[in-house]
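> A single structure is presented below for examination.
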Amino acid sequence: MDKYGTFVILLAMMLVMTLIKGTNFLSLGNLTNIMRQQSVIGIIALGVMLTIITGGTDLSGGSVLALCSCVIATFAHGDYPLIVPVMMGILVGAATGLVNGFFIAYGHVPPFIMTLGMMSAARGLALIVSNSKPINGFTDAFNAIGAESWFGIPIAVWLLIAMTVLFYFLLHKSKFGTYVYAIGGNQTAAKVSGINVKTILTIVYTIAGACTGLAALIMTSRTLAGNPSYGTAYEMDAITCCIIGGTSFTGGIGRAVNTTIGAFIMGVLTNGMTMLQIDPNSQQVIKGAVIVLAVLLDERKNRRS
């Protein structure tokens, strides 16, 4: 159940929605819409998962997404080739992650406090870059990232799949992944065993920021605008996907595939509540309850083990 529980939950939720709404839920258009919408949260969640595995967290994801979106929109016009806005978004995201990681690792600032500060700073920078208003008017090539599909699957979903595969190999088939799990399991023991904990932590938060930059690229292209108001509460959605996917807040536990499935579980939950015409305010209450329940189950599992 630790390995496949999230997949079973996803299938069960889809079965329940199919029984309630029939073909309306299982229609290709609806399922594609769920996957496209969750691709942004899923990619952010993969980066956040790394920070949680090390025993930290990242609360800056939503604001950094807004900042990266505004920077991307600034360069997504015909004056620049497509590679420029793509790289600028990822680089700006990575830069915010580098700042987070540096002060957490070398300044010993608690991850909660550091990323909370970055959340405020990044939102302010987004407002400055955009002059507090949306930026639009992009090239057709840029717009295609969020609108086009390959073999019937949106490009955004392909990017999420590619990132999931990349994180799988990064965590389970590389020394870096071994170091990340070791730091989350026992940071003192990791230091004693010769792991450069400060460097690994800095890299982890830099990767998390880069993931947010990639997510911002998808978001900006899909909505045809860069907006300083983007990403509100996205950090909480990303953390929820991680927890539902089995990533433990105690550190040392987490799987990329399960985190991605967790993102789809949240997508099915949100889509299902909308189809059932549940009030948006009530939806927030339900999502909050899901977070608490997931953490309670995690704590119970940890005590049992």
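Ligands are numbered from 1 in the order shown, chains are lettered A, B, ... in the order of the structure tokens, and residues start at 1 in each chain.
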Name all residues at most 8 Å from Asn143 in chain A (count only C-alpha atoms; drop same-chain ones fewer than 6 positions away) and give them as JSON, numbers by chain.

{"A": [221, 222, 224]}

> With C-alpha atoms retained, export the selected residues as an mmCIF file, in the first residue's frame.


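Okay, result39.cif is ready:
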data_model
loop_
_atom_site.group_PDB
_atom_site.id
_atom_site.type_symbol
_atom_site.label_atom_id
_atom_site.label_comp_id
_atom_site.auth_asym_id
_atom_site.auth_seq_id
_atom_site.Cartn_x
_atom_site.Cartn_y
_atom_site.Cartn_z
ATOM 1 C CA SER A 221 1.410 30.000 -22.367
ATOM 2 C CA ARG A 222 -1.882 28.324 -21.430
ATOM 3 C CA LEU A 224 -1.909 33.781 -22.801
#

> Give me, as a list of chain:residue names, all polymer residues having an atom no more than 12 Å from Leu171 in chain A, counting only C-alpha atoms and skipping those fewer than 4 positions away in the same chain.

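In the requested form, the answer reads A:Leu46, A:Gly47, A:Met49, A:Leu50, A:Ile53, A:Thr54, A:Met163, A:Thr164, A:Val165, A:Leu166, A:Phe167, A:Lys175, A:Phe176, A:Gly177, A:Thr178, A:Tyr179, A:Val180, A:Tyr181, A:Ala182, A:Val204, A:Gly252, A:Ile253, A:Gly254, A:Arg255, A:Ala256, A:Val257.
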
> As JSON, numbers by chain, please: the residues near Glu299 in chain A (cut-off 12 Å, only C-alpha atoms, same-chain neighbours under 5 positions excluded).

{"A": [243, 246, 247, 248, 249, 250, 251, 292, 293, 294, 304, 305]}

> Quote the spacing between CA of Met13 in chain A and CA of Ile291 in chain A in Å to one decimal place.

16.6 Å

> When you look at Phe112 in chain A with a cut-off of 9 Å (counting only C-alpha atoms), what residues show up, excluding the ones that are within fewer than 3 positions of it in the same chain? I need them as a list in words.

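Once the nearby chain positions are removed, what remains is Gly56, Thr57, Asp58, Leu59, Val109, Thr115, Leu116 and Gly117 of chain A.
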
> Would you export the selected residues with C-alpha atoms as an mmCIF file, in the first residue's frame, please?


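Below you can see again18.cif, which holds the result:
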data_model
loop_
_atom_site.group_PDB
_atom_site.id
_atom_site.type_symbol
_atom_site.label_atom_id
_atom_site.label_comp_id
_atom_site.auth_asym_id
_atom_site.auth_seq_id
_atom_site.Cartn_x
_atom_site.Cartn_y
_atom_site.Cartn_z
ATOM 1 C CA GLY A 56 12.453 21.149 4.878
ATOM 2 C CA THR A 57 9.647 22.741 2.876
ATOM 3 C CA ASP A 58 9.030 25.439 0.266
ATOM 4 C CA LEU A 59 6.258 27.986 0.741
ATOM 5 C CA VAL A 109 17.617 30.075 8.431
ATOM 6 C CA THR A 115 10.682 30.438 1.951
ATOM 7 C CA LEU A 116 7.967 32.508 3.653
ATOM 8 C CA GLY A 117 10.168 35.566 3.165
#

> For Cys242 in chain A, which residue out of A:Ala121, A:Cys68, A:Ile44, A:Met87 is the nearest one, using only C-alpha atoms?

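That would be A:Ile44, the residue with the smallest distance to Cys242 in chain A.
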
> Quick one: residues within 7 Å of range 102-105 of chain A, only C-alpha atoms counted, chain neighbours fewer than 3 positions away excluded, as a list in words?

Leu98, Val99, His108, Val109, Pro110, Pro111, Met114, Lys198, Leu201 and Thr202 of chain A

> Rank A:Pro134, A:Gly124, A:Gly146, A:Gly5 by their smallest atom-to-atom distance to Ile261 in chain A, using only C-alpha atoms, and report the top residue only.

A:Gly5

> One decimal, Å: what's the distance from CA of Val197 in chain A over to CA of Gly97 in chain A, could you say?

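Straight-line distance from CA of Val197 in chain A to CA of Gly97 in chain A works out to 16.1 Å.
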
> Using only C-alpha atoms, can you tell me which of A:Met118, A:Ala225, A:Ala189, A:Leu170 comes closest to Phe138 in chain A?

A:Ala225

> Which residue gives the smallest distance to Ile43 in chain A among A:Leu297, A:Ala233, A:Met119, A:Ile207, with only C-alpha atoms counted?

A:Ile207

> Smallest atom-to-atom distance to Ala210 in chain A: which of A:Gly78, A:Gly61, A:Gly226, A:Gly42, using only C-alpha atoms?

A:Gly61

> With distances taken over only C-alpha atoms, which of A:Pro85, A:Gly55, A:Gly137, A:Gly93 is nearest to Thr223 in chain A?

A:Gly137

> Excluding same-chain residues fewer than 5 positions from Ala76 in chain A, what lies within 9 Å of it counting only C-alpha atoms, as a list in words?

Val71, Pro81, Leu82, Val84, Pro85, Val86, Asn136, Gly137, Phe138, Thr139 and Phe142 of chain A

> Based on the backbone DSSP call, show me all residues of range 115-219 of chain A assigned alpha helix (DSSP H), as a short mmCIF file (atom, residue, chain, number, x, y, z; two decimals) with C-alpha atoms, in the first residue's frame.


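Written output follows (part.cif):
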data_model
loop_
_atom_site.label_atom_id
_atom_site.label_comp_id
_atom_site.auth_asym_id
_atom_site.auth_seq_id
_atom_site.Cartn_x
_atom_site.Cartn_y
_atom_site.Cartn_z
CA THR A 115 10.68 30.44 1.95
CA LEU A 116 7.97 32.51 3.65
CA GLY A 117 10.17 35.57 3.16
CA MET A 118 10.78 34.63 -0.47
CA MET A 119 7.03 34.25 -0.94
CA SER A 120 6.57 37.91 -0.01
CA ALA A 121 9.61 39.16 -1.92
CA ALA A 122 8.82 37.29 -5.13
CA ARG A 123 5.24 38.58 -5.17
CA GLY A 124 6.54 42.13 -4.79
CA LEU A 125 9.06 41.62 -7.59
CA ALA A 126 6.30 40.26 -9.83
CA LEU A 127 4.31 43.45 -9.28
CA ILE A 128 7.38 45.56 -10.07
CA VAL A 129 8.30 43.65 -13.24
CA SER A 130 4.73 43.76 -14.58
CA ASP A 140 2.27 31.77 -31.95
CA ALA A 141 5.21 29.49 -31.14
CA PHE A 142 5.03 30.44 -27.47
CA ASN A 143 1.25 30.08 -27.32
CA ALA A 144 1.55 26.57 -28.78
CA ILE A 145 3.27 25.30 -25.60
CA GLY A 146 0.05 25.57 -23.63
CA ALA A 147 -2.41 24.85 -26.44
CA ILE A 155 2.40 19.28 -24.30
CA ALA A 156 2.06 20.37 -20.67
CA VAL A 157 1.24 16.81 -19.65
CA TRP A 158 4.21 15.45 -21.62
CA LEU A 159 6.42 17.88 -19.69
CA LEU A 160 4.99 16.60 -16.40
CA ILE A 161 5.62 13.01 -17.47
CA ALA A 162 9.19 13.85 -18.51
CA MET A 163 9.85 15.59 -15.18
CA THR A 164 8.43 12.62 -13.26
CA VAL A 165 10.74 10.22 -15.10
CA LEU A 166 13.68 12.57 -14.53
CA PHE A 167 12.98 12.81 -10.81
CA TYR A 168 12.57 9.03 -10.58
CA PHE A 169 16.08 8.48 -11.93
CA LEU A 170 17.44 11.40 -9.92
CA LEU A 171 16.12 10.00 -6.64
CA HIS A 172 16.46 6.25 -7.16
CA LYS A 175 24.15 9.24 -5.71
CA PHE A 176 22.43 12.61 -5.42
CA GLY A 177 19.15 10.86 -4.61
CA THR A 178 20.88 8.71 -2.00
CA TYR A 179 22.28 11.85 -0.39
CA VAL A 180 18.87 13.55 -0.39
CA TYR A 181 17.24 10.59 1.40
CA ALA A 182 20.16 10.35 3.82
CA ILE A 183 19.88 14.03 4.78
CA GLY A 184 16.16 13.65 5.36
CA GLY A 185 16.65 10.51 7.41
CA GLN A 187 21.21 15.08 8.81
CA THR A 188 23.85 14.59 11.50
CA ALA A 189 24.58 11.05 10.34
CA ALA A 190 24.76 12.29 6.75
CA LYS A 191 27.42 14.83 7.74
CA VAL A 192 29.43 12.22 9.62
CA VAL A 197 24.91 18.59 3.34
CA LYS A 198 25.09 22.32 2.63
CA THR A 199 25.80 21.83 -1.05
CA ILE A 200 23.08 19.21 -1.47
CA LEU A 201 20.50 21.40 0.27
CA THR A 202 21.41 24.35 -1.94
CA ILE A 203 21.02 22.20 -5.05
CA VAL A 204 17.69 20.81 -3.82
CA TYR A 205 16.13 24.26 -3.39
CA THR A 206 17.61 25.43 -6.69
CA ILE A 207 15.96 22.48 -8.46
CA ALA A 208 12.67 23.28 -6.71
CA GLY A 209 12.85 26.85 -8.00
CA ALA A 210 13.66 25.69 -11.53
CA CYS A 211 10.60 23.41 -11.45
CA THR A 212 8.45 26.40 -10.54
CA GLY A 213 9.96 28.33 -13.46
CA LEU A 214 9.00 25.52 -15.84
CA ALA A 215 5.49 25.44 -14.37
CA ALA A 216 5.25 29.20 -14.91
CA LEU A 217 6.13 28.69 -18.58
CA ILE A 218 3.18 26.31 -18.99
CA MET A 219 0.85 28.60 -17.04
#

> Write down as number ranges by chain the residues belonging to range 77-175 of chain A that are assigned strand (DSSP E or B) by DSSP computed on the backbone.

A: 135, 149-150, 153-154

> Write a file of the just-selected residues containing C-alpha atoms, as a PDB file, in the first residue's frame.


ATOM      1  CA  ILE A 135       1.376  41.238 -19.837  1.00  0.00           C
ATOM      2  CA  SER A 149      -0.999  18.362 -28.116  1.00  0.00           C
ATOM      3  CA  TRP A 150       1.212  15.456 -29.183  1.00  0.00           C
ATOM      4  CA  ILE A 153      -1.923  14.482 -25.024  1.00  0.00           C
ATOM      5  CA  PRO A 154      -1.235  18.172 -24.191  1.00  0.00           C
TER       6      PRO A 154
END

> Take CA of Asn258 in chain A and CA of Gly245 in chain A and report the distance between them in Å, one decimal.

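CA of Asn258 in chain A sits 4.5 Å away from CA of Gly245 in chain A.
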